[in-house]
>>> print(open('coords-v6.pdb').read())   # PDB, C-alpha atoms and all ligand atoms
ATOM      1  CA  MET A   1    -193.977 -78.812  78.719
ATOM      2  CA  PHE A   2    -190.342 -78.199  77.905
ATOM      3  CA  THR A   3    -187.771 -79.335  80.470
ATOM      4  CA  ALA A   4    -184.372 -77.867  81.089
ATOM      5  CA  PRO A   5    -181.451 -79.278  79.096
ATOM      6  CA  PRO A   6    -179.040 -80.915  81.547
ATOM      7  CA  SER A   7    -175.698 -79.231  82.057
ATOM      8  CA  PRO A   8    -173.019 -78.963  84.737
ATOM      9  CA  PHE A   9    -173.921 -75.260  84.802
ATOM     10  CA  LEU A  10    -177.618 -75.760  85.454
ATOM     11  CA  VAL A  11    -178.667 -74.039  88.680
ATOM     12  CA  PRO A  12    -180.414 -76.672  90.827
ATOM     13  CA  PHE A  13    -184.144 -76.369  91.387
ATOM     14  CA  ASP A  14    -184.044 -77.006  95.122
ATOM     15  CA  GLY A  15    -182.622 -73.638  96.129
ATOM     16  CA  ARG A  16    -179.154 -74.995  96.808
ATOM     17  CA  PHE A  17    -176.881 -72.742  94.813
ATOM     18  CA  GLU A  18    -173.676 -71.099  95.917
ATOM     19  CA  VAL A  19    -172.052 -68.515  93.727
ATOM     20  CA  GLY A  20    -168.721 -69.049  95.456
ATOM     21  CA  SER A  21    -168.468 -72.643  94.282
ATOM     22  CA  GLN A  22    -169.225 -71.854  90.638
ATOM     23  CA  PRO A  23    -166.395 -71.830  88.107
ATOM     24  CA  THR A  24    -165.750 -68.603  86.208
ATOM     25  CA  ALA A  25    -163.284 -70.250  83.809
ATOM     26  CA  PRO A  26    -163.582 -73.420  81.701
ATOM     27  CA  GLY A  27    -162.393 -76.642  83.323
ATOM     28  CA  ALA A  28    -159.281 -78.562  82.261
ATOM     29  CA  ASP A  29    -161.476 -80.970  80.261
ATOM     30  CA  ALA A  30    -163.062 -78.191  78.163
ATOM     31  CA  PRO A  31    -162.605 -78.407  74.386
ATOM     32  CA  GLY A  32    -159.763 -76.387  72.829
ATOM     33  CA  LYS A  33    -160.260 -73.046  71.116
ATOM     34  CA  ASP A  34    -160.610 -74.439  67.590
ATOM     35  CA  ASP A  35    -163.152 -76.984  68.741
ATOM     36  CA  ARG A  36    -165.129 -74.341  70.577
ATOM     37  CA  LYS A  37    -165.336 -72.263  67.423
ATOM     38  CA  LYS A  38    -166.408 -75.204  65.325
ATOM     39  CA  ARG A  39    -169.050 -76.279  67.807
ATOM     40  CA  LEU A  40    -170.355 -72.737  68.074
ATOM     41  CA  GLU A  41    -170.653 -72.495  64.280
ATOM     42  CA  GLN A  42    -172.507 -75.794  64.063
ATOM     43  CA  CYS A  43    -174.948 -74.773  66.774
ATOM     44  CA  VAL A  44    -175.560 -71.365  65.330
ATOM     45  CA  GLU A  45    -176.497 -72.978  62.031
ATOM     46  CA  ARG A  46    -178.852 -75.376  63.839
ATOM     47  CA  ILE A  47    -180.445 -72.517  65.770
ATOM     48  CA  ALA A  48    -181.152 -70.624  62.559
ATOM     49  CA  ALA A  49    -182.731 -73.702  60.982
ATOM     50  CA  LEU A  50    -184.753 -74.623  64.061
ATOM     51  CA  GLN A  51    -186.118 -71.110  64.467
ATOM     52  CA  HIS A  52    -187.537 -71.499  60.984
ATOM     53  CA  VAL A  53    -189.246 -74.754  61.963
ATOM     54  CA  MET A  54    -190.486 -73.165  65.200
ATOM     55  CA  TYR A  55    -192.063 -70.405  63.109
ATOM     56  CA  ALA A  56    -193.841 -72.920  60.889
ATOM     57  CA  HIS A  57    -194.833 -75.092  63.873
ATOM     58  CA  ASP A  58    -196.403 -71.988  65.455
ATOM     59  CA  LYS A  59    -196.764 -73.260  69.015
ATOM     60  CA  HIS A  60    -193.681 -71.994  70.821
ATOM     61  CA  ALA A  61    -191.562 -68.918  71.301
ATOM     62  CA  MET A  62    -188.146 -68.876  72.886
ATOM     63  CA  LEU A  63    -187.141 -66.298  75.476
ATOM     64  CA  LEU A  64    -183.446 -66.008  76.304
ATOM     65  CA  VAL A  65    -182.656 -63.897  79.349
ATOM     66  CA  PHE A  66    -179.133 -62.602  79.901
ATOM     67  CA  GLN A  67    -177.919 -61.151  83.172
ATOM     68  CA  ALA A  68    -174.366 -60.352  84.176
ATOM     69  CA  MET A  69    -171.968 -57.879  85.678
ATOM     70  CA  ASP A  70    -170.623 -55.296  83.230
ATOM     71  CA  ALA A  71    -168.131 -56.487  80.612
ATOM     72  CA  ALA A  72    -169.086 -60.130  81.113
ATOM     73  CA  GLY A  73    -169.839 -60.536  77.411
ATOM     74  CA  LYS A  74    -173.620 -60.285  77.044
ATOM     75  CA  ASP A  75    -173.551 -58.328  73.799
ATOM     76  CA  GLY A  76    -170.980 -60.526  72.086
ATOM     77  CA  THR A  77    -172.764 -63.703  73.124
ATOM     78  CA  ILE A  78    -176.094 -62.447  71.816
ATOM     79  CA  ARG A  79    -174.461 -61.441  68.547
ATOM     80  CA  ALA A  80    -172.741 -64.815  68.162
ATOM     81  CA  LEU A  81    -175.928 -66.712  68.912
ATOM     82  CA  LEU A  82    -178.164 -64.906  66.471
ATOM     83  CA  THR A  83    -175.763 -64.757  63.551
ATOM     84  CA  GLY A  84    -177.601 -66.304  60.664
ATOM     85  CA  VAL A  85    -181.044 -66.278  62.275
ATOM     86  CA  ASN A  86    -183.639 -64.661  60.034
ATOM     87  CA  PRO A  87    -183.847 -61.056  61.319
ATOM     88  CA  ALA A  88    -187.637 -61.342  61.167
ATOM     89  CA  GLY A  89    -187.404 -64.346  63.461
ATOM     90  CA  CYS A  90    -185.667 -62.744  66.409
ATOM     91  CA  GLN A  91    -186.085 -59.709  68.631
ATOM     92  CA  VAL A  92    -183.504 -58.273  71.020
ATOM     93  CA  PHE A  93    -184.386 -55.858  73.811
ATOM     94  CA  ALA A  94    -181.983 -54.202  76.239
ATOM     95  CA  PHE A  95    -183.392 -52.929  79.525
ATOM     96  CA  LYS A  96    -181.705 -49.982  81.196
ATOM     97  CA  GLN A  97    -182.784 -47.733  84.054
ATOM     98  CA  PRO A  98    -186.585 -47.525  83.868
ATOM     99  CA  SER A  99    -188.193 -44.407  82.407
ATOM    100  CA  SER A 100    -190.830 -42.454  84.308
ATOM    101  CA  LEU A 101    -193.527 -44.117  82.207
ATOM    102  CA  GLU A 102    -192.129 -47.533  83.093
ATOM    103  CA  LEU A 103    -191.961 -46.570  86.756
ATOM    104  CA  ASP A 104    -195.675 -45.816  86.611
ATOM    105  CA  HIS A 105    -196.345 -49.521  86.063
ATOM    106  CA  ASP A 106    -195.670 -52.742  87.897
ATOM    107  CA  PHE A 107    -192.197 -54.148  87.400
ATOM    108  CA  LEU A 108    -193.196 -56.799  84.856
ATOM    109  CA  TRP A 109    -194.939 -54.368  82.550
ATOM    110  CA  ARG A 110    -192.098 -53.141  80.389
ATOM    111  CA  THR A 111    -190.702 -56.573  79.636
ATOM    112  CA  GLY A 112    -194.188 -58.007  79.172
ATOM    113  CA  MET A 113    -194.646 -55.841  76.116
ATOM    114  CA  CYS A 114    -191.411 -57.149  74.632
ATOM    115  CA  LEU A 115    -192.093 -60.870  74.936
ATOM    116  CA  PRO A 116    -191.434 -62.805  71.730
ATOM    117  CA  GLU A 117    -194.337 -63.701  69.517
ATOM    118  CA  ARG A 118    -194.944 -67.347  68.727
ATOM    119  CA  GLY A 119    -192.274 -68.627  66.364
ATOM    120  CA  ARG A 120    -189.700 -65.984  67.396
ATOM    121  CA  ILE A 121    -186.583 -65.978  69.515
ATOM    122  CA  GLY A 122    -186.736 -63.090  71.985
ATOM    123  CA  VAL A 123    -183.626 -61.946  73.782
ATOM    124  CA  PHE A 124    -183.630 -59.860  76.954
ATOM    125  CA  ASN A 125    -180.312 -58.135  77.521
ATOM    126  CA  ARG A 126    -181.052 -57.514  81.226
ATOM    127  CA  SER A 127    -184.626 -58.040  82.318
ATOM    128  CA  TYR A 128    -187.112 -57.934  85.186
ATOM    129  CA  TYR A 129    -184.387 -59.673  87.179
ATOM    130  CA  GLU A 130    -182.791 -56.243  87.619
ATOM    131  CA  GLU A 131    -185.600 -55.682  90.118
ATOM    132  CA  VAL A 132    -184.056 -58.250  92.455
ATOM    133  CA  LEU A 133    -180.444 -57.505  91.501
ATOM    134  CA  VAL A 134    -179.515 -53.851  91.027
ATOM    135  CA  VAL A 135    -182.533 -52.741  93.058
ATOM    136  CA  ARG A 136    -181.612 -55.153  95.829
ATOM    137  CA  VAL A 137    -178.092 -53.773  95.883
ATOM    138  CA  HIS A 138    -179.478 -50.208  95.816
ATOM    139  CA  PRO A 139    -182.828 -50.368  97.632
ATOM    140  CA  GLU A 140    -183.058 -46.565  97.425
ATOM    141  CA  PHE A 141    -184.229 -47.141  93.809
ATOM    142  CA  LEU A 142    -187.484 -48.337  95.327
ATOM    143  CA  ASP A 143    -188.313 -44.747  96.291
ATOM    144  CA  ALA A 144    -189.085 -43.903  92.665
ATOM    145  CA  GLN A 145    -191.430 -46.881  92.374
ATOM    146  CA  ASN A 146    -194.211 -45.445  94.570
ATOM    147  CA  LEU A 147    -195.233 -48.827  95.913
ATOM    148  CA  PRO A 148    -198.488 -48.797  97.853
ATOM    149  CA  GLU A 149    -196.876 -50.704 100.687
ATOM    150  CA  ARG A 150    -193.299 -51.131 101.699
ATOM    151  CA  PRO A 151    -193.007 -54.387 103.631
ATOM    152  CA  ASP A 152    -189.620 -55.079 105.183
ATOM    153  CA  LEU A 153    -187.068 -55.597 102.439
ATOM    154  CA  GLU A 154    -186.691 -59.354 102.821
ATOM    155  CA  THR A 155    -190.451 -59.776 102.408
ATOM    156  CA  LEU A 156    -190.409 -57.465  99.399
ATOM    157  CA  TRP A 157    -187.706 -59.502  97.616
ATOM    158  CA  ALA A 158    -189.529 -62.727  98.472
ATOM    159  CA  HIS A 159    -192.706 -61.306  96.919
ATOM    160  CA  ARG A 160    -190.825 -60.296  93.789
ATOM    161  CA  MET A 161    -189.272 -63.737  93.437
ATOM    162  CA  GLU A 162    -192.745 -65.217  93.730
ATOM    163  CA  SER A 163    -194.095 -62.855  91.067
ATOM    164  CA  ILE A 164    -191.229 -63.812  88.768
ATOM    165  CA  ARG A 165    -191.732 -67.551  89.308
ATOM    166  CA  ASP A 166    -195.472 -67.219  88.663
ATOM    167  CA  HIS A 167    -194.859 -65.118  85.564
ATOM    168  CA  GLU A 168    -192.394 -67.596  84.088
ATOM    169  CA  LEU A 169    -194.646 -70.564  84.844
ATOM    170  CA  HIS A 170    -197.458 -68.754  83.081
ATOM    171  CA  LEU A 171    -195.213 -68.129  80.072
ATOM    172  CA  ALA A 172    -194.090 -71.749  79.999
ATOM    173  CA  ARG A 173    -197.673 -73.000  80.106
ATOM    174  CA  ASN A 174    -198.378 -70.824  77.113
ATOM    175  CA  GLY A 175    -195.580 -72.146  74.961
ATOM    176  CA  VAL A 176    -192.723 -69.809  75.789
ATOM    177  CA  VAL A 177    -189.475 -71.644  76.395
ATOM    178  CA  VAL A 178    -187.649 -69.582  78.974
ATOM    179  CA  LEU A 179    -183.869 -70.049  79.267
ATOM    180  CA  LYS A 180    -181.843 -67.806  81.549
ATOM    181  CA  PHE A 181    -178.116 -67.268  81.456
ATOM    182  CA  TRP A 182    -175.990 -65.665  84.099
ATOM    183  CA  LEU A 183    -172.594 -64.917  82.608
ATOM    184  CA  ASN A 184    -170.335 -65.551  85.539
ATOM    185  CA  VAL A 185    -167.252 -63.415  85.023
ATOM    186  CA  SER A 186    -164.608 -63.175  87.748
ATOM    187  CA  ARG A 187    -163.783 -59.928  89.439
ATOM    188  CA  ASP A 188    -160.249 -60.083  88.098
ATOM    189  CA  GLU A 189    -161.321 -60.739  84.512
ATOM    190  CA  GLN A 190    -163.693 -57.767  84.741
ATOM    191  CA  ARG A 191    -160.759 -55.640  85.929
ATOM    192  CA  LYS A 192    -158.741 -56.708  82.876
ATOM    193  CA  ARG A 193    -161.598 -55.963  80.508
ATOM    194  CA  PHE A 194    -162.136 -52.507  82.029
ATOM    195  CA  LEU A 195    -158.404 -51.844  81.646
ATOM    196  CA  SER A 196    -158.504 -52.799  77.980
ATOM    197  CA  ARG A 197    -161.468 -50.445  77.521
ATOM    198  CA  LEU A 198    -159.273 -47.662  78.882
ATOM    199  CA  GLU A 199    -156.199 -48.649  76.904
ATOM    200  CA  GLU A 200    -157.608 -49.366  73.456
ATOM    201  CA  PRO A 201    -159.015 -46.211  71.827
ATOM    202  CA  GLU A 202    -161.654 -48.112  69.859
ATOM    203  CA  LYS A 203    -162.952 -49.561  73.132
ATOM    204  CA  ASN A 204    -162.947 -46.276  75.078
ATOM    205  CA  TRP A 205    -166.605 -45.642  74.307
ATOM    206  CA  LYS A 206    -167.528 -48.816  76.157
ATOM    207  CA  PHE A 207    -166.107 -47.602  79.428
ATOM    208  CA  SER A 208    -168.444 -45.921  81.826
ATOM    209  CA  GLN A 209    -167.650 -44.569  85.267
ATOM    210  CA  GLY A 210    -170.921 -46.052  86.456
ATOM    211  CA  ASP A 211    -169.559 -49.515  85.717
ATOM    212  CA  LEU A 212    -166.642 -48.846  88.032
ATOM    213  CA  ARG A 213    -168.999 -47.685  90.757
ATOM    214  CA  GLU A 214    -171.074 -50.863  90.494
ATOM    215  CA  ARG A 215    -167.886 -52.940  90.627
ATOM    216  CA  GLY A 216    -167.457 -51.530  94.114
ATOM    217  CA  PHE A 217    -170.615 -53.411  95.124
ATOM    218  CA  TRP A 218    -169.320 -56.737  93.811
ATOM    219  CA  ASP A 219    -170.049 -58.805  96.910
ATOM    220  CA  ALA A 220    -173.557 -57.413  97.276
ATOM    221  CA  TYR A 221    -174.228 -58.252  93.620
ATOM    222  CA  MET A 222    -172.936 -61.788  94.100
ATOM    223  CA  ARG A 223    -175.284 -62.260  97.051
ATOM    224  CA  ALA A 224    -178.171 -60.913  95.011
ATOM    225  CA  TYR A 225    -177.366 -63.226  92.063
ATOM    226  CA  GLU A 226    -177.083 -66.185  94.401
ATOM    227  CA  GLN A 227    -180.486 -65.547  95.913
ATOM    228  CA  ALA A 228    -182.219 -64.713  92.638
ATOM    229  CA  LEU A 229    -180.882 -67.738  90.799
ATOM    230  CA  ALA A 230    -181.503 -70.129  93.688
ATOM    231  CA  GLU A 231    -185.085 -68.977  94.066
ATOM    232  CA  THR A 232    -186.094 -68.802  90.428
ATOM    233  CA  SER A 233    -184.357 -71.684  88.658
ATOM    234  CA  ARG A 234    -187.077 -74.141  87.784
ATOM    235  CA  PRO A 235    -187.396 -77.009  85.263
ATOM    236  CA  TRP A 236    -189.586 -74.850  82.999
ATOM    237  CA  ALA A 237    -187.435 -71.716  83.367
ATOM    238  CA  PRO A 238    -183.932 -72.835  84.249
ATOM    239  CA  TRP A 239    -180.957 -70.679  85.070
ATOM    240  CA  TYR A 240    -177.485 -71.574  83.848
ATOM    241  CA  ALA A 241    -174.431 -70.067  85.527
ATOM    242  CA  ILE A 242    -171.955 -70.036  82.672
ATOM    243  CA  PRO A 243    -168.231 -69.475  83.232
ATOM    244  CA  ALA A 244    -167.577 -66.227  81.353
ATOM    245  CA  ASP A 245    -163.853 -65.582  81.690
ATOM    246  CA  SER A 246    -163.330 -67.198  78.283
ATOM    247  CA  LYS A 247    -165.539 -65.720  75.587
ATOM    248  CA  SER A 248    -165.162 -68.678  73.228
ATOM    249  CA  PHE A 249    -166.222 -71.131  75.939
ATOM    250  CA  LEU A 250    -169.084 -68.911  77.025
ATOM    251  CA  ARG A 251    -170.473 -68.551  73.507
ATOM    252  CA  MET A 252    -170.169 -72.228  72.666
ATOM    253  CA  THR A 253    -171.831 -73.282  75.917
ATOM    254  CA  VAL A 254    -174.779 -70.933  75.576
ATOM    255  CA  ALA A 255    -175.276 -71.901  71.926
ATOM    256  CA  GLU A 256    -175.252 -75.605  72.790
ATOM    257  CA  LEU A 257    -177.860 -75.115  75.492
ATOM    258  CA  VAL A 258    -180.124 -73.129  73.183
ATOM    259  CA  CYS A 259    -179.717 -75.835  70.559
ATOM    260  CA  ALA A 260    -180.536 -78.566  73.072
ATOM    261  CA  ALA A 261    -183.635 -76.691  74.186
ATOM    262  CA  PHE A 262    -184.821 -76.382  70.592
ATOM    263  CA  GLU A 263    -184.176 -80.040  69.950
ATOM    264  CA  SER A 264    -186.176 -81.118  72.992
ATOM    265  CA  LEU A 265    -189.264 -79.418  71.578
ATOM    266  CA  ASP A 266    -189.968 -81.898  68.815
ATOM    267  CA  LEU A 267    -190.689 -79.121  66.340
ATOM    268  CA  LYS A 268    -192.214 -80.108  63.026
ATOM    269  CA  TYR A 269    -193.324 -78.450  59.862
ATOM    270  CA  PRO A 270    -197.114 -78.665  59.846
ATOM    271  CA  THR A 271    -198.439 -81.405  57.576
ATOM    272  CA  VAL A 272    -200.708 -80.341  54.780
ATOM    273  CA  ARG A 273    -204.102 -82.087  54.734
ATOM    274  CA  ALA A 274    -204.438 -84.970  52.236
ATOM    275  CA  GLU A 275    -207.271 -83.271  50.374
ATOM    276  CA  ASP A 276    -205.140 -80.145  49.917
ATOM    277  CA  VAL A 277    -202.208 -82.215  48.625
ATOM    278  CA  ALA A 278    -204.620 -83.914  46.228
ATOM    279  CA  ARG A 279    -205.466 -80.502  44.774
ATOM    280  CA  PHE A 280    -201.783 -79.646  44.185
ATOM    281  CA  ALA A 281    -201.712 -81.490  40.831
ATOM    282  CA  GLU A 282    -204.692 -79.540  39.602
ATOM    283  CA  ILE A 283    -203.237 -76.219  40.797
ATOM    284  CA  ARG A 284    -199.900 -77.053  39.199
ATOM    285  CA  ARG A 285    -201.592 -77.760  35.895
ATOM    286  CA  LYS A 286    -203.390 -74.418  36.074
ATOM    287  CA  LEU A 287    -200.160 -72.548  36.803
ATOM    288  CA  GLU A 288    -198.228 -74.361  34.088
ATOM    289  CA  THR A 289    -200.806 -73.704  31.402
ATOM    290  CA  GLU A 290    -201.341 -70.083  32.451
ATOM    291  CA  LYS A 291    -200.855 -67.660  29.533
TER     292      LYS A 291
HETATM  293  P1  LIG A 301    -173.590 -51.847  77.796
HETATM  294  O1  LIG A 301    -172.815 -51.271  78.953
HETATM  295  O2  LIG A 301    -172.909 -53.004  77.154
HETATM  296  O3  LIG A 301    -174.072 -50.829  76.829
HETATM  297  P2  LIG A 301    -175.602 -52.368  79.755
HETATM  298  O4  LIG A 301    -176.677 -53.400  79.787
HETATM  299  O5  LIG A 301    -174.587 -52.428  80.856
HETATM  300  O6  LIG A 301    -174.927 -52.488  78.361
HETATM  301  P3  LIG A 301    -175.945 -49.661  80.514
HETATM  302  O7  LIG A 301    -176.713 -48.531  79.941
HETATM  303  O8  LIG A 301    -174.492 -49.529  80.714
HETATM  304  O9  LIG A 301    -176.287 -50.970  79.685
HETATM  305  O10 LIG A 301    -176.542 -50.022  81.944
HETATM  306  C1  LIG A 301    -177.859 -50.211  82.158
HETATM  307  C2  LIG A 301    -178.039 -50.020  83.639
HETATM  308  O11 LIG A 301    -179.426 -50.013  83.913
HETATM  309  C3  LIG A 301    -177.420 -51.133  84.461
HETATM  310  O12 LIG A 301    -176.600 -50.609  85.456
HETATM  311  C4  LIG A 301    -178.625 -51.809  85.070
HETATM  312  O13 LIG A 301    -178.371 -52.348  86.343
HETATM  313  C5  LIG A 301    -179.620 -50.671  85.105
HETATM  314  N1  LIG A 301    -181.002 -51.146  85.201
HETATM  315  C6  LIG A 301    -181.624 -52.018  84.402
HETATM  316  N2  LIG A 301    -182.873 -52.275  84.836
HETATM  317  C7  LIG A 301    -183.029 -51.555  85.955
HETATM  318  C8  LIG A 301    -184.091 -51.384  86.891
HETATM  319  N3  LIG A 301    -185.231 -52.044  86.743
HETATM  320  N4  LIG A 301    -183.902 -50.534  87.916
HETATM  321  C9  LIG A 301    -182.749 -49.863  88.049
HETATM  322  N5  LIG A 301    -181.706 -49.970  87.221
HETATM  323  C10 LIG A 301    -181.841 -50.804  86.182
HETATM  324 MG    MG A 302    -172.981 -51.042  80.988
END
>>> encode(input="coords-v6.pdb", output="structure tokens", more="lines below")
Ligand code: ATP
Ligand code: MG
Amino acid sequence: MFTAPPSPFLVPFDGRFEVGSQPTAPGADAPGKDDRKKRLEQCVERIAALQHVMYAHDKHAMLLVFQAMDAAGKDGTIRALLTGVNPAGCQVFAFKQPSSLELDHDFLWRTGMCLPERGRIGVFNRSYYEEVLVVRVHPEFLDAQNLPERPDLETLWAHRMESIRDHELHLARNGVVVLKFWLNVSRDEQRKRFLSRLEEPEKNWKFSQGDLRERGFWDAYMRAYEQALAETSRPWAPWYAIPADSKSFLRMTVAELVCAAFESLDLKYPTVRAEDVARFAEIRRKLETEK
């Protein structure tokens, strides 16, 4: 089974993870801007090529999960990562507030239908993790879920974490490489990005009052992220807490991790059987002499 690419941003598997001690900006030893761009470009090219091999190999799919506070850079990172990938080889799904149909099912149903097929890269822009993030911050959302039983909230979140761990282990055992990225933007950088959405007319459409409301729950979100990441980062479905205050660093780092994950898979083009190869000469002759 696939194992998590090592990284300083890998969330440990033993439950010891503190949001407060995670960097939101690149360290002093991080590569410069030009280097970041170059490394991103190289990785993006590799990802496109490796997706093609993964398709031919036909054993694995890759699921990339993105979670973050608003304006952390999910959309831009996804765009940067998939530039150049065959559009038939990737699928991106964004998950917003659940519809009434979705609420009529268990919380893994809607994402289950969007899992990538073998050979494809699937991206979840938000995911079932919202069920232990936004819903944990706003437990009143549970009212619309008509659960048969409402254990005390701590038990309920623990059950959900267990369901998520089981689900991801099941996916991993069936060839899905699950990589999860939390884009860790600072509160102050989010403030600046909201301000630029207000100031620059072409960014106005991105601003939503709801985002400002959720910003008010910052500390509760951070607690929810801390718990979710600590309890669900596992070798077969690792979380990475990526500093997101610099978009170039964020994009390069995510791309390098995706690349490393691909490279650990030992993907190969299938070999054609010797007897089939032996027939190639005959087939070629037929095609060449065709009138
Ligand atoms: P963008 O703002 O870049 O368009 P977004 O992912 O923030 O992208 P929005 O429509 O702004 O999209 O927000 C989606 C909202 O849906 C988020 O606030 C998110 O927390 C919420 N959401 C997602 N899944 C659930 C869920 N299962 N239950 C309740 N709310 C959810
Ligand atoms: Mg939004």
>>> atom_distance(input="coords-v6.pdb", atom1="atom CA of Pro98 of chain A", atom2="atom CA of Gly216 of chain A")
22.1 Å
>>> atom_distance(input="coords-v6.pdb", atom1="atom CA of Arg136 of chain A", atom2="atom CA of Ser163 of chain A")
15.4 Å
>>> resolve_selection(input="coords-v6.pdb", expression="the PyMOL selection byres (((chain A and resi 113-128) around 8) and not hetatm)", output="PyMOL selection string")
chain A and resi 51-52+54-68+74-75+78+89-96+107-112+129-132+175-176
>>> residues_around(input="coords-v6.pdb", residues="Trp239 of chain A", least_positions_apart="6", cutoff="8 Å", atoms="only C-alpha atoms", output="VMD selection string")
chain A and resid 10 to 11 179 to 182 229 232 to 233
>>> closest_residue(input="coords-v6.pdb", among="A:Arg173, A:Arg223, A:Arg191, A:Arg79", to="Phe17 of chain A", atoms="all atoms listed in the file")
A:Arg223
>>> residues_around(input="coords-v6.pdb", residues="segment 255-258 of chain A", least_positions_apart="2", cutoff="12 Å", atoms="only C-alpha atoms", output="NGL selection string")
:A and (3-10 or 36-48 or 50-51 or 62-65 or 77-83 or 121 or 123 or 177-181 or 238-242 or 248-253 or 260-265)
>>> closest_residue(input="coords-v6.pdb", among="A:Thr289, A:Arg187, A:Ala49, A:Asp35", to="Tyr221 of chain A", atoms="only C-alpha atoms")
A:Arg187
>>> residues_near_ligand(input="coords-v6.pdb", ligand="ligand MG 302 (chain A)", cutoff="10 Å", atoms="all atoms listed in the file", output="JSON, numbers by chain")
{"A": [68, 69, 70, 71, 72, 96, 206, 207, 208, 209, 210, 211, 212, 214]}
>>> closest_residue(input="coords-v6.pdb", among="A:Pro148, A:Gly15, A:Pro87, A:Gly73", to="ligand LIG 301 (chain A)", atoms="only C-alpha atoms and all ligand atoms")
A:Gly73
>>> resolve_selection(input="coords-v6.pdb", expression="the PyMOL selection byres (((chain A and resi 185) around 7) and not hetatm)", output="PDB file with C-alpha atoms, keeping the file's coordinate frame")
ATOM      1  CA  THR A  24    -165.750 -68.603  86.208  1.00  0.00           C
ATOM      2  CA  ALA A  72    -169.086 -60.130  81.113  1.00  0.00           C
ATOM      3  CA  LEU A 183    -172.594 -64.917  82.608  1.00  0.00           C
ATOM      4  CA  ASN A 184    -170.335 -65.551  85.539  1.00  0.00           C
ATOM      5  CA  SER A 186    -164.608 -63.175  87.748  1.00  0.00           C
ATOM      6  CA  ARG A 187    -163.783 -59.928  89.439  1.00  0.00           C
ATOM      7  CA  GLU A 189    -161.321 -60.739  84.512  1.00  0.00           C
ATOM      8  CA  GLN A 190    -163.693 -57.767  84.741  1.00  0.00           C
ATOM      9  CA  PRO A 243    -168.231 -69.475  83.232  1.00  0.00           C
ATOM     10  CA  ALA A 244    -167.577 -66.227  81.353  1.00  0.00           C
ATOM     11  CA  ASP A 245    -163.853 -65.582  81.690  1.00  0.00           C
TER      12      ASP A 245
END
>>> axis_aligned_box(input="coords-v6.pdb", around="ligand LIG 301 (chain A)", padding_each_side="6 Å", output="lines of an AutoDock Vina configuration file")
center_x = -179.0
center_y = -51.0
center_z = 82.4
size_x = 24.4
size_y = 16.9
size_z = 23.2
>>> closest_residue(input="coords-v6.pdb", among="A:Pro23, A:Lys33, A:His105, A:Val53", to="ligand LIG 301 (chain A)", atoms="all atoms listed in the file")
A:His105
>>> resolve_selection(input="coords-v6.pdb", expression="the PyMOL selection byres (((chain A and resi 153-155) around 12) and not hetatm)", output="ChimeraX atom specification")
/A:132,135-140,142,149-152,156-162,224,227
>>> atom_distance(input="coords-v6.pdb", atom1="atom CA of Pro12 of chain A", atom2="atom CA of Pro31 of chain A")
24.3 Å
>>> closest_residue(input="coords-v6.pdb", among="A:Glu275, A:Asp143, A:Asp14, A:Asp34", to="ligand LIG 301 (chain A)", atoms="only C-alpha atoms and all ligand atoms")
A:Asp143
>>> closest_residue(input="coords-v6.pdb", among="A:Tyr269, A:Phe194, A:Phe141, A:Trp218", to="ligand LIG 301 (chain A)", atoms="all atoms listed in the file")
A:Phe141
>>> build_atoms(input="coords-v6.pdb", residues="segment 44-53 of chain A", atoms="N, CA and C atoms", output="tab-separated table (two decimals), keeping the file's coordinate frame")
chain	number	residue	atom	x	y	z
A	44	VAL	N	-174.93	-72.58	65.84
A	44	VAL	CA	-175.56	-71.36	65.33
A	44	VAL	C	-176.34	-71.68	64.05
A	45	GLU	N	-175.78	-72.55	63.23
A	45	GLU	CA	-176.50	-72.98	62.03
A	45	GLU	C	-177.79	-73.72	62.38
A	46	ARG	N	-177.68	-74.60	63.38
A	46	ARG	CA	-178.85	-75.38	63.84
A	46	ARG	C	-179.93	-74.43	64.38
A	47	ILE	N	-179.49	-73.45	65.16
A	47	ILE	CA	-180.44	-72.52	65.77
A	47	ILE	C	-181.22	-71.78	64.68
A	48	ALA	N	-180.49	-71.35	63.65
A	48	ALA	CA	-181.15	-70.62	62.56
A	48	ALA	C	-182.18	-71.53	61.88
A	49	ALA	N	-181.82	-72.78	61.66
A	49	ALA	CA	-182.73	-73.70	60.98
A	49	ALA	C	-183.93	-74.02	61.88
A	50	LEU	N	-183.67	-74.23	63.16
A	50	LEU	CA	-184.75	-74.62	64.06
A	50	LEU	C	-185.72	-73.47	64.33
A	51	GLN	N	-185.20	-72.25	64.30
A	51	GLN	CA	-186.12	-71.11	64.47
A	51	GLN	C	-187.13	-71.10	63.32
A	52	HIS	N	-186.65	-71.46	62.14
A	52	HIS	CA	-187.54	-71.50	60.98
A	52	HIS	C	-188.63	-72.54	61.19
A	53	VAL	N	-188.24	-73.70	61.71
A	53	VAL	CA	-189.25	-74.75	61.96
A	53	VAL	C	-190.20	-74.30	63.07
